[in-house]
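K.L.:
protein_37.txt is reproduced in full below (compact mmCIF, C-alpha atoms and all ligand atoms).
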# COMPACT_ATOMS: atom_id res chain seq x y z
CA MET A 1211 0.00 0.00 0.00
CA ASP A 1212 1.30 3.48 -0.95
CA VAL A 1213 0.60 6.70 0.95
CA ILE A 1214 0.17 9.74 -1.30
CA ASP A 1215 -1.23 13.28 -1.20
CA VAL A 1216 -3.89 12.91 -3.89
CA VAL A 1217 -5.37 10.12 -5.98
CA VAL A 1218 -7.15 11.17 -9.18
CA ILE A 1219 -9.63 8.60 -10.49
CA GLY A 1220 -10.28 9.00 -14.21
CA ALA A 1221 -8.19 10.49 -17.01
CA GLY A 1222 -10.80 12.20 -19.16
CA GLN A 1223 -10.86 15.99 -19.57
CA ALA A 1224 -11.59 16.50 -15.87
CA GLY A 1225 -8.91 14.12 -14.59
CA LEU A 1226 -6.21 15.43 -16.94
CA SER A 1227 -6.98 19.04 -16.09
CA SER A 1228 -6.68 18.14 -12.40
CA ALA A 1229 -3.39 16.33 -13.04
CA TYR A 1230 -2.01 19.36 -14.88
CA PHE A 1231 -2.68 21.64 -11.90
CA LEU A 1232 -1.52 19.01 -9.42
CA ARG A 1233 1.81 18.78 -11.28
CA ARG A 1234 2.28 22.52 -10.68
CA SER A 1235 1.06 22.41 -7.08
CA GLY A 1236 3.88 20.39 -5.58
CA LEU A 1237 1.45 17.79 -4.22
CA GLY A 1238 2.25 14.13 -4.85
CA PHE A 1239 -0.39 12.38 -6.93
CA VAL A 1240 -1.28 9.39 -9.04
CA VAL A 1241 -3.88 9.15 -11.83
CA LEU A 1242 -5.74 5.86 -12.24
CA ASP A 1243 -7.90 5.10 -15.28
CA HIS A 1244 -9.60 1.90 -16.34
CA ASN A 1245 -9.50 2.56 -20.08
CA GLU A 1246 -6.96 0.78 -22.28
CA GLY A 1247 -5.61 4.07 -23.64
CA PRO A 1248 -6.03 7.89 -23.55
CA GLY A 1249 -9.20 9.79 -24.48
CA GLY A 1250 -11.61 9.31 -21.55
CA ALA A 1251 -15.16 8.64 -22.70
CA TRP A 1252 -14.41 10.13 -26.11
CA ARG A 1253 -12.52 7.04 -27.19
CA HIS A 1254 -15.79 5.05 -27.00
CA ARG A 1255 -18.02 7.42 -28.94
CA TRP A 1256 -19.46 6.26 -32.25
CA PRO A 1257 -17.33 6.86 -35.36
CA SER A 1258 -19.81 9.20 -37.06
CA LEU A 1259 -19.50 11.65 -34.13
CA THR A 1260 -16.85 13.73 -35.83
CA LEU A 1261 -15.37 16.83 -34.26
CA GLY A 1262 -17.47 18.86 -36.69
CA ARG A 1263 -20.63 17.35 -35.19
CA ALA A 1264 -19.61 17.60 -31.53
CA HIS A 1265 -20.69 20.81 -29.79
CA ARG A 1266 -17.14 21.81 -29.09
CA VAL A 1267 -14.18 20.18 -27.41
CA HIS A 1268 -12.37 22.82 -25.37
CA ASP A 1269 -8.61 22.84 -25.07
CA LEU A 1270 -7.04 21.24 -22.04
CA PRO A 1271 -5.08 23.76 -19.93
CA GLY A 1272 -1.63 24.57 -21.26
CA MET A 1273 -1.81 22.86 -24.67
CA PRO A 1274 -4.24 23.76 -27.45
CA LEU A 1275 -5.94 21.13 -29.56
CA GLY A 1276 -5.09 23.24 -32.62
CA GLU A 1277 -7.06 22.95 -35.86
CA PRO A 1278 -7.80 19.23 -36.22
CA ASP A 1279 -9.61 17.72 -39.18
CA THR A 1280 -13.29 18.15 -38.27
CA THR A 1281 -14.31 15.22 -40.49
CA ARG A 1282 -12.36 12.69 -38.42
CA PRO A 1283 -14.10 10.81 -35.57
CA SER A 1284 -13.76 12.70 -32.30
CA ALA A 1285 -12.93 9.33 -30.69
CA GLU A 1286 -9.64 9.28 -32.63
CA VAL A 1287 -8.81 12.99 -32.53
CA VAL A 1288 -9.42 13.39 -28.80
CA ALA A 1289 -7.58 10.18 -27.91
CA GLU A 1290 -4.54 11.41 -29.85
CA TYR A 1291 -4.76 14.86 -28.23
CA PHE A 1292 -5.08 13.47 -24.71
CA GLY A 1293 -2.21 11.04 -25.36
CA ALA A 1294 0.04 13.88 -26.57
CA TYR A 1295 -1.02 15.95 -23.56
CA GLU A 1296 -0.10 13.20 -21.10
CA ARG A 1297 3.32 12.90 -22.73
CA GLU A 1298 3.91 16.67 -22.90
CA PHE A 1299 3.32 17.16 -19.17
CA GLY A 1300 4.70 13.81 -18.04
CA LEU A 1301 1.37 12.78 -16.57
CA ASP A 1302 1.95 9.19 -15.68
CA VAL A 1303 -1.57 7.79 -16.01
CA ARG A 1304 -1.75 4.23 -14.69
CA ARG A 1305 -4.00 2.14 -16.92
CA PRO A 1306 -5.92 0.00 -17.22
CA VAL A 1307 -6.55 0.33 -13.47
CA HIS A 1308 -10.09 -0.04 -12.15
CA VAL A 1309 -10.92 1.53 -8.78
CA HIS A 1310 -13.64 -0.54 -7.19
CA ARG A 1311 -13.85 1.00 -3.73
CA VAL A 1312 -12.92 4.12 -1.78
CA ALA A 1313 -13.35 3.90 1.99
CA GLU A 1314 -12.08 5.50 5.18
CA GLY A 1315 -8.42 4.61 5.69
CA GLY A 1316 -5.99 5.10 8.57
CA GLY A 1317 -4.81 8.46 9.97
CA GLY A 1318 -7.65 10.48 8.42
CA ARG A 1319 -6.73 9.27 4.94
CA LEU A 1320 -8.90 7.74 2.24
CA ARG A 1321 -8.27 4.16 1.19
CA VAL A 1322 -8.45 3.75 -2.60
CA GLU A 1323 -8.71 0.10 -3.61
CA SER A 1324 -8.04 -0.93 -7.20
CA ASP A 1325 -7.22 -4.03 -9.20
CA ALA A 1326 -3.61 -2.79 -9.32
CA GLY A 1327 -3.12 -2.10 -5.63
CA THR A 1328 -4.25 0.15 -2.81
CA TRP A 1329 -3.38 3.77 -2.10
CA GLU A 1330 -3.96 5.77 1.08
CA ALA A 1331 -4.62 9.35 0.01
CA ARG A 1332 -5.01 12.61 1.90
CA GLY A 1333 -7.24 13.92 -0.85
CA LEU A 1334 -9.28 12.46 -3.70
CA ILE A 1335 -10.24 13.94 -7.04
CA ASN A 1336 -12.97 11.86 -8.57
CA ALA A 1337 -13.20 12.37 -12.34
CA THR A 1338 -15.01 9.23 -13.45
CA GLY A 1339 -17.56 10.87 -15.76
CA THR A 1340 -20.80 9.15 -16.74
CA TRP A 1341 -20.02 6.94 -19.75
CA ASP A 1342 -19.70 3.82 -17.61
CA ARG A 1343 -23.23 4.21 -16.27
CA PRO A 1344 -25.67 4.30 -19.17
CA PHE A 1345 -29.21 4.86 -17.91
CA TRP A 1346 -31.93 2.49 -19.20
CA PRO A 1347 -35.33 3.29 -17.75
CA TYR A 1348 -37.53 0.28 -17.16
CA TYR A 1349 -40.78 -0.07 -19.08
CA PRO A 1350 -43.02 -3.11 -18.68
CA GLY A 1351 -42.33 -5.83 -21.23
CA ARG A 1352 -38.82 -4.62 -22.05
CA GLU A 1353 -37.42 -8.10 -21.59
CA THR A 1354 -39.97 -9.61 -24.01
CA PHE A 1355 -38.90 -7.62 -27.08
CA ARG A 1356 -37.69 -9.92 -29.86
CA GLY A 1357 -35.76 -7.29 -31.78
CA ARG A 1358 -32.56 -5.54 -30.85
CA GLN A 1359 -32.31 -3.11 -27.93
CA LEU A 1360 -29.30 -0.95 -27.38
CA HIS A 1361 -28.25 2.16 -25.52
CA THR A 1362 -26.46 5.14 -27.11
CA ALA A 1363 -23.29 3.84 -25.46
CA GLY A 1364 -23.46 0.76 -27.72
CA TYR A 1365 -24.30 2.60 -30.97
CA ARG A 1366 -21.71 2.26 -33.73
CA SER A 1367 -23.22 3.14 -37.10
CA LYS A 1368 -26.48 3.70 -38.97
CA GLU A 1369 -25.65 0.84 -41.38
CA GLU A 1370 -26.59 -1.67 -38.67
CA PHE A 1371 -30.21 -0.50 -39.04
CA ALA A 1372 -30.52 -0.34 -42.83
CA GLY A 1373 -34.08 -1.11 -43.96
CA GLU A 1374 -35.40 -1.48 -40.40
CA HIS A 1375 -37.86 0.45 -38.29
CA VAL A 1376 -36.15 1.95 -35.26
CA VAL A 1377 -37.81 3.47 -32.19
CA VAL A 1378 -35.52 6.08 -30.63
CA VAL A 1379 -36.26 6.94 -26.99
CA GLY A 1380 -35.02 10.14 -25.36
CA GLY A 1381 -35.16 13.91 -25.66
CA GLY A 1382 -31.47 14.83 -25.62
CA ALA A 1383 -28.94 15.95 -28.19
CA SER A 1384 -27.75 12.38 -28.81
CA ALA A 1385 -31.29 11.22 -29.62
CA VAL A 1386 -31.70 14.02 -32.15
CA GLN A 1387 -28.32 13.41 -33.74
CA LEU A 1388 -28.82 9.64 -34.02
CA LEU A 1389 -32.38 9.99 -35.37
CA LEU A 1390 -31.18 12.25 -38.17
CA GLU A 1391 -28.41 9.81 -38.97
CA ILE A 1392 -30.42 6.57 -38.81
CA ALA A 1393 -33.29 8.11 -40.82
CA GLU A 1394 -30.94 8.16 -43.83
CA VAL A 1395 -31.15 4.35 -44.05
CA ALA A 1396 -34.18 3.33 -41.98
CA THR A 1397 -37.61 4.51 -40.88
CA THR A 1398 -37.85 5.87 -37.35
CA THR A 1399 -40.21 6.78 -34.52
CA TRP A 1400 -39.15 9.28 -31.87
CA VAL A 1401 -40.58 9.08 -28.35
CA THR A 1402 -39.83 11.40 -25.46
CA ARG A 1403 -41.27 11.84 -21.98
CA ARG A 1404 -41.59 15.59 -22.32
CA GLU A 1405 -42.25 17.81 -25.31
CA PRO A 1406 -38.76 18.75 -26.59
CA VAL A 1407 -37.83 22.41 -26.38
CA PHE A 1408 -35.91 23.68 -29.40
CA ARG A 1409 -33.75 26.71 -28.84
CA GLU A 1410 -33.71 29.43 -31.50
CA GLY A 1411 -30.47 31.28 -32.14
CA PRO A 1412 -26.99 30.68 -30.80
CA PHE A 1413 -26.35 29.46 -27.30
CA ASP A 1414 -24.46 32.46 -26.00
CA GLU A 1415 -22.27 32.78 -22.96
CA SER A 1416 -24.89 34.27 -20.68
CA ALA A 1417 -27.34 31.46 -21.50
CA GLY A 1418 -24.49 29.03 -20.76
CA ARG A 1419 -23.83 30.65 -17.40
CA ALA A 1420 -27.51 30.56 -16.51
CA SER A 1421 -27.78 26.81 -17.24
CA VAL A 1422 -24.63 26.04 -15.29
CA ALA A 1423 -26.02 28.06 -12.36
CA LEU A 1424 -29.19 25.95 -12.40
CA VAL A 1425 -27.25 22.68 -12.21
CA GLU A 1426 -24.91 24.20 -9.60
CA ASP A 1427 -27.89 25.00 -7.44
CA ARG A 1428 -29.16 21.41 -7.69
CA VAL A 1429 -25.89 19.82 -6.59
CA ARG A 1430 -25.46 22.35 -3.77
CA ARG A 1431 -28.83 21.12 -2.46
CA GLY A 1432 -27.78 17.47 -2.79
CA LEU A 1433 -30.10 16.69 -5.70
CA PRO A 1434 -28.97 14.51 -8.62
CA PRO A 1435 -27.55 16.80 -11.34
CA ALA A 1436 -29.95 17.46 -14.25
CA SER A 1437 -28.93 16.74 -17.83
CA VAL A 1438 -27.57 19.74 -19.69
CA VAL A 1439 -30.30 19.64 -22.35
CA SER A 1440 -33.00 19.78 -19.70
CA VAL A 1441 -31.74 23.25 -18.87
CA THR A 1442 -30.46 24.46 -22.25
CA GLY A 1443 -32.96 23.06 -24.78
CA LEU A 1444 -32.03 21.56 -28.14
CA ALA A 1445 -30.20 23.70 -30.68
CA LEU A 1446 -32.32 24.45 -33.75
CA THR A 1447 -29.59 24.03 -36.38
CA PRO A 1448 -30.43 23.98 -40.13
CA GLU A 1449 -30.04 20.17 -40.01
CA VAL A 1450 -32.49 19.91 -37.10
CA ARG A 1451 -34.93 22.28 -38.83
CA ALA A 1452 -34.81 20.07 -41.93
CA GLY A 1453 -35.43 17.03 -39.72
CA ILE A 1454 -38.52 18.66 -38.22
CA GLU A 1455 -39.82 19.57 -41.66
CA ALA A 1456 -39.22 16.04 -42.94
CA GLY A 1457 -41.18 14.62 -39.99
CA ILE A 1458 -38.19 12.77 -38.55
CA LEU A 1459 -38.20 14.95 -35.45
CA ARG A 1460 -41.92 14.73 -34.83
CA ARG A 1461 -42.10 13.15 -31.41
CA LEU A 1462 -44.68 10.91 -29.80
CA PRO A 1463 -45.29 10.79 -26.07
CA MET A 1464 -43.59 7.99 -24.18
CA PHE A 1465 -45.09 4.55 -24.80
CA ASP A 1466 -46.49 2.60 -21.87
CA ARG A 1467 -45.02 -0.80 -22.57
CA VAL A 1468 -42.74 -2.79 -24.82
CA THR A 1469 -44.25 -5.77 -26.64
CA PRO A 1470 -42.43 -8.67 -28.31
CA TYR A 1471 -42.81 -6.81 -31.62
CA GLY A 1472 -42.57 -3.13 -30.76
CA VAL A 1473 -44.00 -0.55 -28.42
CA ALA A 1474 -47.55 0.15 -27.27
CA TRP A 1475 -49.56 2.94 -25.65
CA ALA A 1476 -52.40 2.59 -23.14
CA ASP A 1477 -54.91 3.86 -25.74
CA GLY A 1478 -54.30 0.72 -27.84
CA ARG A 1479 -51.92 2.23 -30.34
CA GLU A 1480 -48.94 0.02 -31.29
CA ILE A 1481 -45.87 0.53 -33.45
CA ALA A 1482 -43.89 -2.43 -34.71
CA ALA A 1483 -40.12 -2.09 -34.50
CA ASP A 1484 -36.98 -4.00 -35.38
CA ALA A 1485 -34.86 -2.10 -32.89
CA ILE A 1486 -35.26 0.18 -29.88
CA LEU A 1487 -32.46 2.65 -29.29
CA TRP A 1488 -32.47 3.98 -25.73
CA ALA A 1489 -30.86 7.43 -25.98
CA THR A 1490 -31.78 7.96 -22.36
CA GLY A 1491 -28.57 9.40 -21.03
CA PHE A 1492 -26.08 8.53 -18.36
CA ARG A 1493 -25.67 8.87 -14.62
CA PRO A 1494 -22.52 9.81 -12.68
CA ALA A 1495 -20.28 6.73 -12.23
CA LEU A 1496 -19.83 6.99 -8.47
CA ASP A 1497 -20.59 3.50 -7.12
CA HIS A 1498 -17.03 3.06 -5.86
CA LEU A 1499 -17.56 6.00 -3.45
CA ALA A 1500 -20.53 4.30 -1.73
CA PRO A 1501 -18.55 3.22 1.38
CA LEU A 1502 -17.95 6.92 2.17
CA GLY A 1503 -21.70 7.44 2.63
CA LEU A 1504 -21.79 10.75 0.76
CA ARG A 1505 -25.33 10.51 -0.63
CA ALA A 1506 -27.69 13.22 0.59
CA PRO A 1507 -31.40 12.56 1.25
CA GLY A 1508 -32.16 14.23 -2.12
CA GLY A 1509 -30.38 11.37 -3.93
CA GLY A 1510 -27.31 13.31 -5.05
CA ILE A 1511 -24.09 14.36 -3.32
CA ARG A 1512 -23.97 17.83 -1.80
CA VAL A 1513 -21.22 19.67 -3.66
CA GLU A 1514 -20.02 23.26 -3.29
CA GLY A 1515 -17.89 24.15 -6.33
CA THR A 1516 -16.13 20.80 -6.66
CA ARG A 1517 -15.84 20.05 -2.93
CA VAL A 1518 -18.08 17.46 -1.31
CA VAL A 1519 -19.72 19.39 1.51
CA ASP A 1520 -19.73 16.44 3.92
CA ASP A 1521 -16.11 15.45 3.19
CA PRO A 1522 -13.76 18.23 2.03
CA ARG A 1523 -11.04 15.69 1.21
CA VAL A 1524 -13.18 14.59 -1.75
CA HIS A 1525 -13.70 16.65 -4.92
CA LEU A 1526 -16.00 15.75 -7.79
CA VAL A 1527 -14.80 17.15 -11.11
CA GLY A 1528 -16.72 16.72 -14.37
CA TYR A 1529 -19.81 16.31 -12.16
CA GLY A 1530 -23.02 18.32 -12.47
CA PRO A 1531 -22.19 21.89 -13.51
CA SER A 1532 -18.69 20.86 -14.64
CA ALA A 1533 -19.89 17.98 -16.88
CA SER A 1534 -18.65 19.57 -20.09
CA THR A 1535 -15.19 19.94 -21.56
CA ILE A 1536 -14.94 23.60 -20.50
CA GLY A 1537 -16.47 22.93 -17.08
CA ALA A 1538 -14.10 20.01 -16.50
CA ASN A 1539 -11.10 22.26 -17.17
CA ARG A 1540 -12.17 24.82 -14.62
CA ALA A 1541 -13.13 22.17 -12.10
CA GLY A 1542 -9.64 20.64 -12.20
CA ARG A 1543 -8.06 23.97 -11.33
CA ALA A 1544 -10.59 24.71 -8.56
CA ALA A 1545 -10.23 21.27 -6.96
CA VAL A 1546 -6.44 21.49 -6.86
CA ARG A 1547 -6.51 24.99 -5.42
CA GLU A 1548 -8.76 23.83 -2.57
CA LEU A 1549 -6.89 20.61 -1.92
CA ARG A 1550 -3.60 22.47 -1.80
CA ALA A 1551 -5.04 24.78 0.84
CA LEU A 1552 -6.44 21.83 2.78
CA LEU A 1553 -3.42 19.53 2.58
CA ALA A 1554 -0.40 21.79 2.43
CA PRO A 1555 -1.28 25.14 3.97
CA VAL A 1556 2.36 26.01 4.48
CA ARG A 1557 3.39 25.49 0.85
CA SER A 1558 3.15 28.38 -1.54
CA ALA A 1559 3.78 26.91 -5.01
CA PRO A 1560 1.59 28.61 -7.67
CA ALA A 1561 -1.28 26.58 -9.15
P1 LIG B 1601 -14.84 11.05 -19.07
O1 LIG B 1601 -14.33 11.56 -20.35
O2 LIG B 1601 -15.98 10.08 -19.08
O3 LIG B 1601 -13.62 10.38 -18.31
C1 LIG B 1601 -13.83 9.57 -17.18
C2 LIG B 1601 -12.67 8.60 -17.10
O4 LIG B 1601 -12.79 7.90 -15.85
C3 LIG B 1601 -12.70 7.55 -18.20
O5 LIG B 1601 -11.44 7.52 -18.84
C4 LIG B 1601 -12.99 6.24 -17.47
O6 LIG B 1601 -12.27 5.16 -18.03
C5 LIG B 1601 -12.50 6.53 -16.07
N1 LIG B 1601 -13.18 5.77 -15.01
C6 LIG B 1601 -14.51 5.74 -14.75
N2 LIG B 1601 -14.74 4.96 -13.66
C7 LIG B 1601 -13.54 4.50 -13.24
C8 LIG B 1601 -13.11 3.66 -12.17
N3 LIG B 1601 -13.98 3.15 -11.27
N4 LIG B 1601 -11.79 3.37 -12.04
C9 LIG B 1601 -10.88 3.89 -12.92
N5 LIG B 1601 -11.23 4.70 -13.95
C10 LIG B 1601 -12.54 5.00 -14.10
N6 LIG B 1601 -19.01 18.12 -23.84
C11 LIG B 1601 -18.60 19.19 -24.54
O7 LIG B 1601 -18.05 20.13 -23.94
N7 LIG B 1601 -18.73 19.22 -25.91
C12 LIG B 1601 -19.31 18.21 -26.61
O8 LIG B 1601 -19.42 18.27 -27.82
C13 LIG B 1601 -19.79 17.08 -25.87
N8 LIG B 1601 -20.35 16.04 -26.53
C14 LIG B 1601 -20.76 14.97 -25.80
C15 LIG B 1601 -21.32 13.89 -26.48
C16 LIG B 1601 -21.81 12.79 -25.78
C17 LIG B 1601 -22.42 11.64 -26.52
C18 LIG B 1601 -21.69 12.76 -24.36
C19 LIG B 1601 -22.19 11.56 -23.57
C20 LIG B 1601 -21.09 13.82 -23.68
C21 LIG B 1601 -20.63 14.93 -24.39
N9 LIG B 1601 -20.05 16.02 -23.74
C22 LIG B 1601 -19.61 17.08 -24.46
C23 LIG B 1601 -19.77 15.98 -22.29
C24 LIG B 1601 -18.25 15.75 -22.13
O9 LIG B 1601 -17.83 14.70 -22.96
C25 LIG B 1601 -17.79 15.44 -20.73
O10 LIG B 1601 -18.54 16.16 -19.80
C26 LIG B 1601 -16.34 15.86 -20.61
O11 LIG B 1601 -15.59 15.22 -21.61
C27 LIG B 1601 -15.75 15.62 -19.24
O12 LIG B 1601 -15.25 14.36 -19.17
P2 LIG B 1601 -14.84 13.68 -17.82
O13 LIG B 1601 -13.37 13.79 -17.69
O14 LIG B 1601 -15.68 14.18 -16.72
O15 LIG B 1601 -15.31 12.19 -18.06
Let me see the file written as structure tokens.
P.N.:
Amino acid sequence: MDVIDVVVIGAGQAGLSSAYFLRRSGLGFVVLDHNEGPGGAWRHRWPSLTLGRAHRVHDLPGMPLGEPDTTRPSAEVVAEYFGAYEREFGLDVRRPVHVHRVAEGGGGRLRVESDAGTWEARGLINATGTWDRPFWPYYPGRETFRGRQLHTAGYRSKEEFAGEHVVVVGGGASAVQLLLEIAEVATTTWVTRREPVFREGPFDESAGRASVALVEDRVRRGLPPASVVSVTGLALTPEVRAGIEAGILRRLPMFDRVTPYGVAWADGREIAADAILWATGFRPALDHLAPLGLRAPGGGIRVEGTRVVDDPRVHLVGYGPSASTIGANRAGRAAVRELRALLAPVRSAPA
């Protein structure tokens, strides 16, 4: 077992940003990540999600992404960028290392247990994202469906659905993007729980700040963070407008049950389907923190900035208001600044 100042779990945008500021802080740290290589969740995203179709991947601190080819899959471009970043700053990410449990350790430290050993840390930066916890809501009959069911996390390409009828569930940006893509080779039905809200005009900085403030308020109160789209609405791009006009983005209310052959509503209506694509989002991957008992009665973890209110040794970066590439950057800096003050009040190295 090693004793160390800080363990960072996860080497996506949030974990790498934290590692960059930790390197400058003088604190000792280790970064553990269970992926096979660099890129965080981006390395798993479907090949047609090119950089040109992503909203925007912000630069990591200290090294710009530059002007990459926007027609290449973001999975490749971001993995290459993160890999170069790790090399540039000598960030020794240990991988593949899965952390399965964080519990109270000795001497006021946290015990981080992984499949590659145990660390006792004075501080913890948790940057595990959401990709590893796809959310599949349960609807009666789901297990009886004879066709294919998959979650966004398992989507690879539209060609797999050629000539089929696909029901796409979910009101987020991924649902919209995948519907437009799949509709090029298949027929589709879109179902969402709530009427989607399309946002006219660009999503400017003040609208961005307002949405982040809403999510910030939720996590401060210990509620589960809301999805970004639930507070920002869906961007009405020319492609989306064309999809609405073509009827692809005409949504139906959520069905009541899944049948062996499709989906059905309580009023007797049924739609036959070959596949159901659950674009129903993700939840924070925090199961390994359960032994610390951080959950608030509201179902989330009470977080102020990045600091867990009930345990200031623990910071959640890339969580709630910082679950975006720009938010993750800022969160890394904020977490390190606070941990440095908590763990090494006498040191004065700049962060
Ligand atoms: P991740 O990139 O998910 O990294 C988490 C890392 O933790 C992973 O490498 C994982 O292997 C590791 N890990 C998890 N659990 C463990 C464990 N127990 N032990 C060890 N390692 C573990 N944001 C934007 O700003 N622009 C966009 O265009 C955009 N598009 C998106 C598209 C999709 C489909 C999705 C789902 C999200 C998108 N986002 C976008 C959000 C954005 O990708 C993330 O919020 C951002 O990249 C922050 O990443 P992260 O570091 O928090 O998490």
K.L.:
Taking all atoms listed in the file into account, which of A:Phe1465, A:Phe1492, A:Phe1239, A:Phe1292 comes nearest ligand LIG 1601 (chain B)?
P.N.:
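Between A:Phe1465, A:Phe1492, A:Phe1239, A:Phe1292, the residue approaching ligand LIG 1601 (chain B) most closely is A:Phe1492.
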K.L.:
Restricting the calculation to only C-alpha atoms and all ligand atoms: of A:Glu1286, A:Asp1466, A:Asp1325, A:Glu1296, which residue gets closest to ligand LIG 1601 (chain B)?
P.N.:
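Distance minimum relative to ligand LIG 1601 (chain B) lands on A:Asp1325.
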K.L.:
I'd like the neighbourhood of A:Glu1426 as a PDB file with C-alpha atoms, in the frame of the given file, where a residue qualifies if any of its atoms comes within 9 Å (using only C-alpha atoms), though same-chain residues fewer than 2 positions away should be ignored.
P.N.:
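Writing the result to selection13.pdb gives the following:
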ATOM      1  CA  SER A1421     -27.780  26.810 -17.240  1.00  0.00           C
ATOM      2  CA  VAL A1422     -24.630  26.040 -15.290  1.00  0.00           C
ATOM      3  CA  ALA A1423     -26.020  28.060 -12.360  1.00  0.00           C
ATOM      4  CA  LEU A1424     -29.190  25.950 -12.400  1.00  0.00           C
ATOM      5  CA  ARG A1428     -29.160  21.410  -7.690  1.00  0.00           C
ATOM      6  CA  VAL A1429     -25.890  19.820  -6.590  1.00  0.00           C
ATOM      7  CA  ARG A1430     -25.460  22.350  -3.770  1.00  0.00           C
ATOM      8  CA  ARG A1431     -28.830  21.120  -2.460  1.00  0.00           C
ATOM      9  CA  PRO A1435     -27.550  16.800 -11.340  1.00  0.00           C
ATOM     10  CA  VAL A1513     -21.220  19.670  -3.660  1.00  0.00           C
ATOM     11  CA  GLU A1514     -20.020  23.260  -3.290  1.00  0.00           C
ATOM     12  CA  GLY A1515     -17.890  24.150  -6.330  1.00  0.00           C
ATOM     13  CA  GLY A1530     -23.020  18.320 -12.470  1.00  0.00           C
ATOM     14  CA  PRO A1531     -22.190  21.890 -13.510  1.00  0.00           C
ATOM     15  CA  SER A1532     -18.690  20.860 -14.640  1.00  0.00           C
TER      16      SER A1532
END
K.L.:
One number please: atom CA of A:Leu1459 to atom CA of A:Asp1342, in Å, one decimal.
P.N.:
28.0 Å
K.L.:
Expressed in Å to a single decimal, how great is the separation between atom CA of A:Trp1329 and atom CA of A:Ile1214?
P.N.:
7.0 Å
K.L.:
Report as a PyMOL selection string all protein, DNA and RNA residues lying within 10 Å of A:Thr1447, evaluated on only C-alpha atoms, omitting residues in the same chain fewer than 2 positions from it.
P.N.:
chain A and resi 1408-1412+1444-1445+1449-1453
K.L.:
Contacts between stretch 1358-1364 of chain A and stretch 1474-1560 of chain A, please, where a residue of stretch 1474-1560 of chain A counts if it comes within 6 Å (with only C-alpha atoms); show its shortest atom pair and distance in Å to one decimal, rows by chain and ascending number, as CSV.
P.N.:
residue,atom,partner,partner_atom,distance
A:Ala1485,CA,A:Arg1358,CA,4.6
A:Ile1486,CA,A:Gln1359,CA,4.8
A:Leu1487,CA,A:Leu1360,CA,5.2
A:Trp1488,CA,A:His1361,CA,4.6
A:Ala1489,CA,A:Thr1362,CA,5.1
K.L.:
Write out, as an mmCIF file, in the frame of the given file, the residues just selected, with C-alpha atoms.
P.N.:
data_model
loop_
_atom_site.group_PDB
_atom_site.id
_atom_site.type_symbol
_atom_site.label_atom_id
_atom_site.label_comp_id
_atom_site.auth_asym_id
_atom_site.auth_seq_id
_atom_site.Cartn_x
_atom_site.Cartn_y
_atom_site.Cartn_z
ATOM 1 C CA ALA A 1485 -34.860 -2.100 -32.890
ATOM 2 C CA ILE A 1486 -35.260 0.180 -29.880
ATOM 3 C CA LEU A 1487 -32.460 2.650 -29.290
ATOM 4 C CA TRP A 1488 -32.470 3.980 -25.730
ATOM 5 C CA ALA A 1489 -30.860 7.430 -25.980
#
K.L.:
Do a neighbour search on A:Glu1314 at 10 Å with only C-alpha atoms, toss out local chain neighbours closer than 2 positions, and write the hits as number ranges by chain.
P.N.:
A: 1312, 1316-1322, 1330-1331, 1501-1502
K.L.:
For the point (-38.7, 9.5, -43.3) in file coordinates, what residues are within 10 Å, counting only C-alpha atoms? Give the answer as an MDAnalysis selection string?
P.N.:
chainID A and resid 1390 1392:1399 1453 1456:1459
K.L.:
Which of these, A:Gly1236, A:Gly1351, A:Gly1542, A:Gly1249, has the shortest distance to ligand LIG 1601 (chain B) once you count all atoms listed in the file?
P.N.:
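When distances to ligand LIG 1601 (chain B) are compared using all atoms listed in the file, the smallest one comes from A:Gly1249.
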K.L.:
My list of candidates is A:Val1524, A:Pro1470, A:Asn1539, A:Ala1229. Which is closest to A:Pro1350 when distances are computed with all atoms listed in the file?
P.N.:
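Smallest separation from A:Pro1350 among the options: A:Pro1470.
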K.L.:
Find, counting all atoms listed in the file, the residue in A:Arg1263, A:His1308, A:Arg1297, A:Arg1505 that gets nearest to A:Val1386.
P.N.:
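Result for the nearest residue to A:Val1386: A:Arg1263.
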K.L.:
At a cut-off of 9 Å, using only C-alpha atoms, what residues contact A:Val1527? Leave out same-chain residues fewer than 6 positions from it and give the result as a VMD selection string.
P.N.:
chain A and resid 1224 to 1225 1228 1335 to 1339 1516 to 1517 1533 1537 to 1542 1545
K.L.:
Could you tell me how far atom CA of A:Arg1233 lies from atom O6 of ligand LIG 1601 (chain B), in Å and to one decimal?
P.N.:
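Between these atoms lies a distance of 20.7 Å.
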K.L.:
List the spatial neighbours of A:Gly1472 as a PyMOL selection string - criterion: any atom at most 10 Å away, all atoms listed in the file, same-chain residues fewer than 3 positions off excluded.
P.N.:
chain A and resi 1351-1352+1354-1357+1375-1377+1467-1469+1480-1486
K.L.:
Kindly export the residues of the current selection with C-alpha atoms, as a compact mmCIF listing (two decimals), in the coordinates of the input.
P.N.:
# COMPACT_ATOMS: atom_id res chain seq x y z
CA GLY A 1351 -42.33 -5.83 -21.23
CA ARG A 1352 -38.82 -4.62 -22.05
CA THR A 1354 -39.97 -9.61 -24.01
CA PHE A 1355 -38.90 -7.62 -27.08
CA ARG A 1356 -37.69 -9.92 -29.86
CA GLY A 1357 -35.76 -7.29 -31.78
CA HIS A 1375 -37.86 0.45 -38.29
CA VAL A 1376 -36.15 1.95 -35.26
CA VAL A 1377 -37.81 3.47 -32.19
CA ARG A 1467 -45.02 -0.80 -22.57
CA VAL A 1468 -42.74 -2.79 -24.82
CA THR A 1469 -44.25 -5.77 -26.64
CA GLU A 1480 -48.94 0.02 -31.29
CA ILE A 1481 -45.87 0.53 -33.45
CA ALA A 1482 -43.89 -2.43 -34.71
CA ALA A 1483 -40.12 -2.09 -34.50
CA ASP A 1484 -36.98 -4.00 -35.38
CA ALA A 1485 -34.86 -2.10 -32.89
CA ILE A 1486 -35.26 0.18 -29.88
